[in-house]
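Report on the structure given below.
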Amino acid sequence: MASAFEFFGITPAFEIDERALEEKYFTLSRDLHPARSARADKQTLLQKQAQTAELNQAYQTLRDPEKRLDALLAHVGFAPKESTSDQKQQIPMDLAEEYFELQETVLDDPELGAEMVSAFSGKITRLALALDQDIFTIASKIHWSSRTNPASTSEEIAKLLDLRKRRSYLLSLIENARKLNRASGGF
């Protein structure tokens, strides 16, 4: 199975021409459509179905920046999901303290806790969005077309993985705060 980039004949890069990608997708979709092979044998039809499935998967990968980044990391030999979960996450002390206070408030005063959860979630969401911007900036600067990693590229990828790990932790904190709020009778 070809990578998403190979399937569309695109040089691996974080920034891609999304309009050209969409045009190529629709062209390939028309070419692979079963109506064009209505008189073909069963083997050809099955092959067209498999190619259509691969096309759809490749398109979904390339049009989503997170999935595209995962594909780029895999392209240069990193297992993006595994590399972020294998390492121990560091809890930012200020956020840990704020979260523990939030837990106490939600249990003591669910109404006030609901307001605090909302404010906390907004703060964490803004932090996660800022990390997204940093992640996308770094990903845009990396030369992904080479499968060999010079030291500078490896350092940039390490930064990228660290930022993704931090963002994952922040998003988990938001979800935990919401669960805590629901468990205490909040919304």
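Ordering of the structure tokens sets the chain letters (A, B, ...); residue numbers start at 1 within each chain; ligands are numbered from 1 in the order shown.
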8 Å contact set for Asp134 of chain A, only C-alpha atoms, chain neighbours under 4 positions out, as a ChimeraX atom specification: /A:130,138,163
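Taking atom CA of Arg166 of chain A and atom CA of Leu131 of chain A as endpoints, the distance between them is 8.1 Å.
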Give me, as JSON lines, the closest atom pair and its distance (Å, one decimal) for every residue of segment 24-45 of chain A within a cut-off of 12 Å of segment 8-13 of chain A, counting only C-alpha atoms, rows sorted by chain and rising number.
{"residue": "A:Lys24", "atom": "CA", "partner": "A:Phe8", "partner_atom": "CA", "distance": 7.2}
{"residue": "A:Tyr25", "atom": "CA", "partner": "A:Phe8", "partner_atom": "CA", "distance": 7.9}
{"residue": "A:Phe26", "atom": "CA", "partner": "A:Phe8", "partner_atom": "CA", "distance": 11.4}
{"residue": "A:Thr27", "atom": "CA", "partner": "A:Phe8", "partner_atom": "CA", "distance": 10.8}
{"residue": "A:Leu28", "atom": "CA", "partner": "A:Phe8", "partner_atom": "CA", "distance": 9.0}
{"residue": "A:Ser29", "atom": "CA", "partner": "A:Phe8", "partner_atom": "CA", "distance": 11.7}
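Compared by their closest atoms to Arg167 of chain A, and using only C-alpha atoms, the residues A:Asp64, A:Asp132, A:Glu6, A:Glu155 rank with A:Asp132 nearest.
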10 Å contact set for Gln49 of chain A, only C-alpha atoms, chain neighbours under 6 positions out, as a list of chain:residue names: A:Leu32, A:His33, A:Pro34, A:Gln43, A:Leu55
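Our summary of the geometry notes that atom CA of Gly185 of chain A is positioned 6.9 Å from atom CA of Pro110 of chain A.
Counting only C-alpha atoms, the residue from A:Thr52, A:Gln60, A:Ser172, A:Thr153 that sits nearest to Lys141 of chain A is A:Thr153.
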Non-local contacts of Glu15 of chain A (10 Å; only C-alpha atoms; under 2 positions in same chain excluded) as a ChimeraX atom specification: /A:12-13,17-18,62,65,68-69,136-137,139-141
Residues from last step as file, all heavy atoms, as a tab-separated table (two decimals), in the first residue's frame:
chain	number	residue	atom	x	y	z
A	12	PRO	N	6.16	14.71	0.03
A	12	PRO	CA	5.81	14.80	1.45
A	12	PRO	C	6.18	16.17	2.03
A	12	PRO	O	7.34	16.59	1.97
A	12	PRO	CB	6.64	13.69	2.10
A	12	PRO	CG	6.86	12.71	1.00
A	12	PRO	CD	7.01	13.55	-0.24
A	13	ALA	N	5.20	16.86	2.55
A	13	ALA	CA	5.37	18.18	3.17
A	13	ALA	C	4.16	18.45	4.04
A	13	ALA	O	3.07	17.91	3.79
A	13	ALA	CB	5.50	19.26	2.10
A	17	ASP	N	-0.97	22.03	-1.23
A	17	ASP	CA	-1.99	22.78	-1.96
A	17	ASP	C	-3.30	22.00	-1.83
A	17	ASP	O	-3.52	21.02	-2.55
A	17	ASP	CB	-1.56	22.93	-3.42
A	17	ASP	CG	-2.53	23.76	-4.24
A	17	ASP	OD1	-3.68	24.00	-3.79
A	17	ASP	OD2	-2.14	24.18	-5.35
A	18	GLU	N	-4.14	22.44	-0.92
A	18	GLU	CA	-5.37	21.69	-0.64
A	18	GLU	C	-6.34	21.73	-1.81
A	18	GLU	O	-7.08	20.78	-2.04
A	18	GLU	CB	-6.01	22.21	0.65
A	18	GLU	CG	-5.16	21.85	1.86
A	18	GLU	CD	-5.76	22.28	3.17
A	18	GLU	OE1	-6.99	22.39	3.28
A	18	GLU	OE2	-4.97	22.49	4.12
A	62	LEU	N	-4.60	13.33	4.13
A	62	LEU	CA	-3.92	14.55	3.68
A	62	LEU	C	-4.71	15.83	3.96
A	62	LEU	O	-4.12	16.89	4.12
A	62	LEU	CB	-3.58	14.45	2.19
A	62	LEU	CG	-2.54	13.39	1.86
A	62	LEU	CD1	-2.26	13.36	0.36
A	62	LEU	CD2	-1.25	13.62	2.63
A	65	PRO	N	-4.78	18.18	9.05
A	65	PRO	CA	-3.39	18.47	9.43
A	65	PRO	C	-2.80	17.48	10.44
A	65	PRO	O	-1.63	17.13	10.32
A	65	PRO	CB	-3.48	19.88	10.05
A	65	PRO	CG	-4.72	20.47	9.47
A	65	PRO	CD	-5.66	19.33	9.24
A	68	ARG	N	-2.15	14.27	8.59
A	68	ARG	CA	-1.05	14.51	7.66
A	68	ARG	C	0.28	14.48	8.41
A	68	ARG	O	1.26	13.89	7.96
A	68	ARG	CB	-1.24	15.87	6.97
A	68	ARG	CG	-0.24	16.14	5.89
A	68	ARG	CD	-0.45	17.48	5.17
A	68	ARG	NE	-1.83	17.88	5.10
A	68	ARG	CZ	-2.28	19.10	5.47
A	68	ARG	NH1	-1.44	20.02	5.90
A	68	ARG	NH2	-3.56	19.39	5.37
A	69	LEU	N	0.31	15.09	9.59
A	69	LEU	CA	1.52	15.09	10.40
A	69	LEU	C	1.88	13.66	10.82
A	69	LEU	O	3.04	13.27	10.78
A	69	LEU	CB	1.35	16.00	11.62
A	69	LEU	CG	2.56	16.18	12.52
A	69	LEU	CD1	3.79	16.61	11.73
A	69	LEU	CD2	2.24	17.18	13.61
A	136	PHE	N	2.32	23.28	14.18
A	136	PHE	CA	2.18	23.47	12.74
A	136	PHE	C	3.32	24.32	12.18
A	136	PHE	O	3.76	24.09	11.05
A	136	PHE	CB	0.82	24.06	12.40
A	136	PHE	CG	-0.34	23.14	12.72
A	136	PHE	CD1	-1.63	23.62	12.82
A	136	PHE	CD2	-0.15	21.78	12.93
A	136	PHE	CE1	-2.70	22.77	13.12
A	136	PHE	CE2	-1.20	20.92	13.22
A	136	PHE	CZ	-2.48	21.42	13.31
A	137	THR	N	3.80	25.29	12.95
A	137	THR	CA	4.93	26.10	12.50
A	137	THR	C	6.18	25.24	12.34
A	137	THR	O	6.88	25.31	11.32
A	137	THR	CB	5.19	27.26	13.49
A	137	THR	OG1	4.03	28.09	13.53
A	137	THR	CG2	6.40	28.08	13.08
A	139	ALA	N	6.29	21.92	12.03
A	139	ALA	CA	6.06	20.92	10.98
A	139	ALA	C	6.23	21.51	9.59
A	139	ALA	O	6.70	20.83	8.68
A	139	ALA	CB	4.66	20.33	11.13
A	140	SER	N	5.89	22.78	9.43
A	140	SER	CA	6.01	23.44	8.12
A	140	SER	C	7.47	23.67	7.74
A	140	SER	O	7.80	23.77	6.56
A	140	SER	CB	5.29	24.78	8.13
A	140	SER	OG	3.91	24.57	8.31
A	141	LYS	N	8.35	23.76	8.72
A	141	LYS	CA	9.76	24.05	8.45
A	141	LYS	C	10.60	22.81	8.18
A	141	LYS	O	11.70	22.91	7.67
A	141	LYS	CB	10.36	24.81	9.64
A	141	LYS	CG	9.78	26.20	9.80
A	141	LYS	CD	10.37	26.88	11.01
A	141	LYS	CE	9.75	28.26	11.19
A	141	LYS	NZ	10.28	28.94	12.38
Backbone-only DSSP, helix (DSSP H, G or I) members of segment 11-181 of chain A, as a ChimeraX atom specification: /A:18-32,34-37,42-63,65-75,80-85,93-108,110-141,151-181
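As for atom CA of Ile124 of chain A and atom CA of Arg164 of chain A, they are spaced 14.2 Å apart.
You can rank A:Val76, A:Ala114, A:Ala40, A:Ala2 by their closest distance to Leu180 of chain A using only C-alpha atoms, and at the top of that list sits A:Ala114.
Closest approach to Val106 of chain A among A:Met93, A:Ala4, A:Ala20, A:Ala177: A:Ala177, based on only C-alpha atoms.
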